[in-house]
Amino acid sequence: MRIQHGEEQAMDQQAQRLTHDNSKDSESNLTECGLSHLHNQSCDHHHIDIEDTSGSRLLMTLVLNLFIPVVQVIGGMYAHSMALISDAAHNFSDFTAVLIAYVANRIGKKGASVRNTFGYRRTEILAAVINVALLLGASSFIVYEAIHRLNHPETVLGRIVVLVAGIGVIGNGLSAWLLHRDAGHNLNVRGAFLHMLGDLLTSVVVVINGIILIYKPWYWLDPILSVLIAFFILKNCWTILREATCILMNATPNGLDIPKIKEYLEHMPEIEGVHYLHAWNVCSSSIAFSCHVVVADQPLSKIDQVSERIRQGLLTRFGIDHPILQFETMPCGEGGMLCEMSCGNGTPFL
């Protein structure tokens, strides 16, 4: 009996040591995964590491877009060209837009906090919406002045228009080139890039307008081109506003098929079912995803292996870099693909 009692004491002491060691390991993992937000294999999500040089490129674009409209306003007033002044107004609105984009880029680099657990990455989306408002104002001004010029035509100096608009072509082309690389993964920079691309094209049109006016006194052409520029701006506004609204509404990211994700997960042998799926953009370059995963009752160590498989599959197949997984042994609620809480009365709105 004494030997048995001694063995029990030894086993209790060993269990206490293991518990203490596991507690220390858990605290270490919490520090690595939660506090410093370094996403390693013990965390439930990964982030795509994109080299961010958009700040410096935005700053260079900012300088260029302060210079171009000043030259165009002076040249437009001297040449009596409404198209040139309209292009200058567009460029100046883009200067303000790029300034907002640059400030949003700096704010977006701030880390997560207790109040803003996702950080400030959606600042770029708010900046994109402000950019749209500025472009709408510029478009209204262009249309108003163009109508006035159609009713009261003025002589336009074609050679001055060609010279000044040519400066705009060079400056806007360089600005678009500076922002092109970061436009693919940042909605804020993409908005600025589209502004620069639009400015480049409109400046080319204004150059053509100036060449025609050198040889033909078609002064009505100048305000007509101004209206076309305004419509081009409005088209860009709609594209940016649609994307920004989808992100602010936590809509499913473009190109992401929720039923396909559900089918992919349920084909894994360890998974018995998947329900309550959500997918949304944290910002324009990051996709978050959450769902309930039904598995057989098993040790937590095996769940970690299943979780890692799911995370890797979601990242490689669907580009999801921030998965949040809730494991269950029994489906909760009705077990549907969409959460009843998100649908109000439980009926999805299609």
# chains A, B, ... in the order shown; residues from 1 in each chain; ligands from 1

$ residues_around --residues "His148 in chain A" --least-positions-apart "6" --cutoff "12 Å" --atoms "only C-alpha atoms" --output "list in words"
Met82, Phe141, Ile142, Glu154, Trp220, Asp222, Pro223, Ile224, Ser226 and Val227 of chain A

$ write_last_selection --atoms "N, CA and C atoms" --output "PDB file, in the first residue's frame"
ATOM      1  N   MET A  82     -11.086  75.876 -72.332  1.00  0.00           N
ATOM      2  CA  MET A  82     -11.857  75.274 -71.252  1.00  0.00           C
ATOM      3  C   MET A  82     -11.408  73.832 -71.002  1.00  0.00           C
ATOM      4  N   PHE A 141     -18.147  70.711 -61.992  1.00  0.00           N
ATOM      5  CA  PHE A 141     -17.544  71.975 -62.432  1.00  0.00           C
ATOM      6  C   PHE A 141     -17.235  71.939 -63.930  1.00  0.00           C
ATOM      7  N   ILE A 142     -16.690  70.821 -64.394  1.00  0.00           N
ATOM      8  CA  ILE A 142     -16.326  70.698 -65.800  1.00  0.00           C
ATOM      9  C   ILE A 142     -17.562  70.801 -66.695  1.00  0.00           C
ATOM     10  N   GLU A 154     -15.263  80.959 -77.318  1.00  0.00           N
ATOM     11  CA  GLU A 154     -14.121  81.878 -77.332  1.00  0.00           C
ATOM     12  C   GLU A 154     -13.015  81.290 -78.199  1.00  0.00           C
ATOM     13  N   TRP A 220     -15.942  74.899 -80.736  1.00  0.00           N
ATOM     14  CA  TRP A 220     -16.939  74.120 -80.024  1.00  0.00           C
ATOM     15  C   TRP A 220     -16.379  72.770 -79.558  1.00  0.00           C
ATOM     16  N   ASP A 222     -13.611  72.177 -78.029  1.00  0.00           N
ATOM     17  CA  ASP A 222     -12.973  72.280 -76.709  1.00  0.00           C
ATOM     18  C   ASP A 222     -13.952  71.956 -75.568  1.00  0.00           C
ATOM     19  N   PRO A 223     -15.136  72.576 -75.499  1.00  0.00           N
ATOM     20  CA  PRO A 223     -16.077  72.214 -74.420  1.00  0.00           C
ATOM     21  C   PRO A 223     -16.664  70.810 -74.562  1.00  0.00           C
ATOM     22  N   ILE A 224     -16.815  70.337 -75.806  1.00  0.00           N
ATOM     23  CA  ILE A 224     -17.321  68.974 -76.010  1.00  0.00           C
ATOM     24  C   ILE A 224     -16.363  67.961 -75.381  1.00  0.00           C
ATOM     25  N   SER A 226     -14.411  68.557 -72.967  1.00  0.00           N
ATOM     26  CA  SER A 226     -14.507  68.726 -71.516  1.00  0.00           C
ATOM     27  C   SER A 226     -15.604  67.829 -70.933  1.00  0.00           C
ATOM     28  N   VAL A 227     -16.748  67.760 -71.637  1.00  0.00           N
ATOM     29  CA  VAL A 227     -17.846  66.918 -71.163  1.00  0.00           C
ATOM     30  C   VAL A 227     -17.455  65.442 -71.213  1.00  0.00           C
TER      31      VAL A 227
END

$ residues_around --residues "Asn172 in chain A" --least-positions-apart "4" --cutoff "7 Å" --atoms "only C-alpha atoms" --output "PDB file with N, CA and C atoms, in the first residue's frame"
ATOM      1  N   GLY A 168       1.307  67.926 -69.161  1.00  0.00           N
ATOM      2  CA  GLY A 168       0.410  67.066 -68.389  1.00  0.00           C
ATOM      3  C   GLY A 168       0.547  65.599 -68.761  1.00  0.00           C
ATOM      4  N   ALA A 176       1.321  57.726 -63.094  1.00  0.00           N
ATOM      5  CA  ALA A 176       0.666  56.425 -63.260  1.00  0.00           C
ATOM      6  C   ALA A 176       1.680  55.292 -63.164  1.00  0.00           C
ATOM      7  N   MET A 196      -4.658  58.974 -62.092  1.00  0.00           N
ATOM      8  CA  MET A 196      -3.509  59.331 -62.917  1.00  0.00           C
ATOM      9  C   MET A 196      -3.682  58.826 -64.351  1.00  0.00           C
ATOM     10  N   ASP A 199      -6.128  61.048 -66.010  1.00  0.00           N
ATOM     11  CA  ASP A 199      -5.477  62.318 -66.353  1.00  0.00           C
ATOM     12  C   ASP A 199      -4.583  62.179 -67.579  1.00  0.00           C
ATOM     13  N   LEU A 200      -3.878  61.057 -67.665  1.00  0.00           N
ATOM     14  CA  LEU A 200      -2.997  60.825 -68.814  1.00  0.00           C
ATOM     15  C   LEU A 200      -3.809  60.799 -70.107  1.00  0.00           C
TER      16      LEU A 200
END

$ residues_around --residues "range 54-70 of chain A" --least-positions-apart "3" --cutoff "6 Å" --atoms "only C-alpha atoms" --output "MDAnalysis selection string"
chainID A and resid 73 88 91:92 95 98 102 168 175 178 182

$ residues_around --residues "Gly255 in chain A" --least-positions-apart "4" --cutoff "12 Å" --atoms "only C-alpha atoms" --output "PyMOL selection string"
chain A and resi 251+260-261+279-280+287+317-320

$ select_by_dssp --residues "range 185-304 of chain A" --states "strand (DSSP E)" --output "PyMOL selection string"
chain A and resi 271-283+286-295

$ residues_around --residues "Ala296 in chain A" --least-positions-apart "5" --cutoff "10 Å" --atoms "only C-alpha atoms" --output "list in words"
Glu270, Ile271, Glu272, Ile303, Phe327, Glu328, Thr329 and Met330 of chain A

$ atom_distance --atom1 "CA of Leu174 in chain A" --atom2 "CA of Leu197 in chain A"
9.9 Å

$ closest_atom_pairs --of "range 81-179 of chain A" --to "range 208-212 of chain A" --cutoff "10 Å" --atoms "only C-alpha atoms" --output "CSV"
residue,atom,partner,partner_atom,distance
A:Ser81,CA,A:Gly210,CA,9.0
A:Ala83,CA,A:Asn209,CA,8.5
A:Leu84,CA,A:Gly210,CA,9.4
A:Val156,CA,A:Gly210,CA,8.3
A:Leu157,CA,A:Gly210,CA,7.6
A:Gly158,CA,A:Gly210,CA,4.2
A:Arg159,CA,A:Gly210,CA,6.3
A:Ile160,CA,A:Gly210,CA,7.7
A:Val161,CA,A:Gly210,CA,5.1
A:Val162,CA,A:Gly210,CA,5.0
A:Leu163,CA,A:Gly210,CA,8.7
A:Val164,CA,A:Gly210,CA,9.7
A:Ala165,CA,A:Gly210,CA,8.4
A:Gly166,CA,A:Ile208,CA,9.9

$ write_last_selection --atoms "C-alpha atoms" --output "mmCIF file, in the first residue's frame"
data_model
loop_
_atom_site.group_PDB
_atom_site.id
_atom_site.type_symbol
_atom_site.label_atom_id
_atom_site.label_comp_id
_atom_site.auth_asym_id
_atom_site.auth_seq_id
_atom_site.Cartn_x
_atom_site.Cartn_y
_atom_site.Cartn_z
ATOM 1 C CA SER A 81 -9.066 76.720 -73.378
ATOM 2 C CA ALA A 83 -10.571 71.743 -71.917
ATOM 3 C CA LEU A 84 -7.176 72.700 -70.497
ATOM 4 C CA VAL A 156 -8.625 79.049 -78.334
ATOM 5 C CA LEU A 157 -4.831 79.225 -78.905
ATOM 6 C CA GLY A 158 -4.074 75.713 -80.148
ATOM 7 C CA ARG A 159 -0.274 75.861 -79.855
ATOM 8 C CA ILE A 160 -0.380 76.848 -76.175
ATOM 9 C CA VAL A 161 -2.894 74.058 -75.539
ATOM 10 C CA VAL A 162 -0.573 71.483 -77.145
ATOM 11 C CA LEU A 163 2.455 72.666 -75.176
ATOM 12 C CA VAL A 164 0.780 72.776 -71.760
ATOM 13 C CA ALA A 165 -1.227 69.573 -72.269
ATOM 14 C CA GLY A 166 2.025 67.860 -73.334
#

$ atom_distance --atom1 "CA of Phe289 in chain A" --atom2 "CA of Asn250 in chain A"
10.9 Å
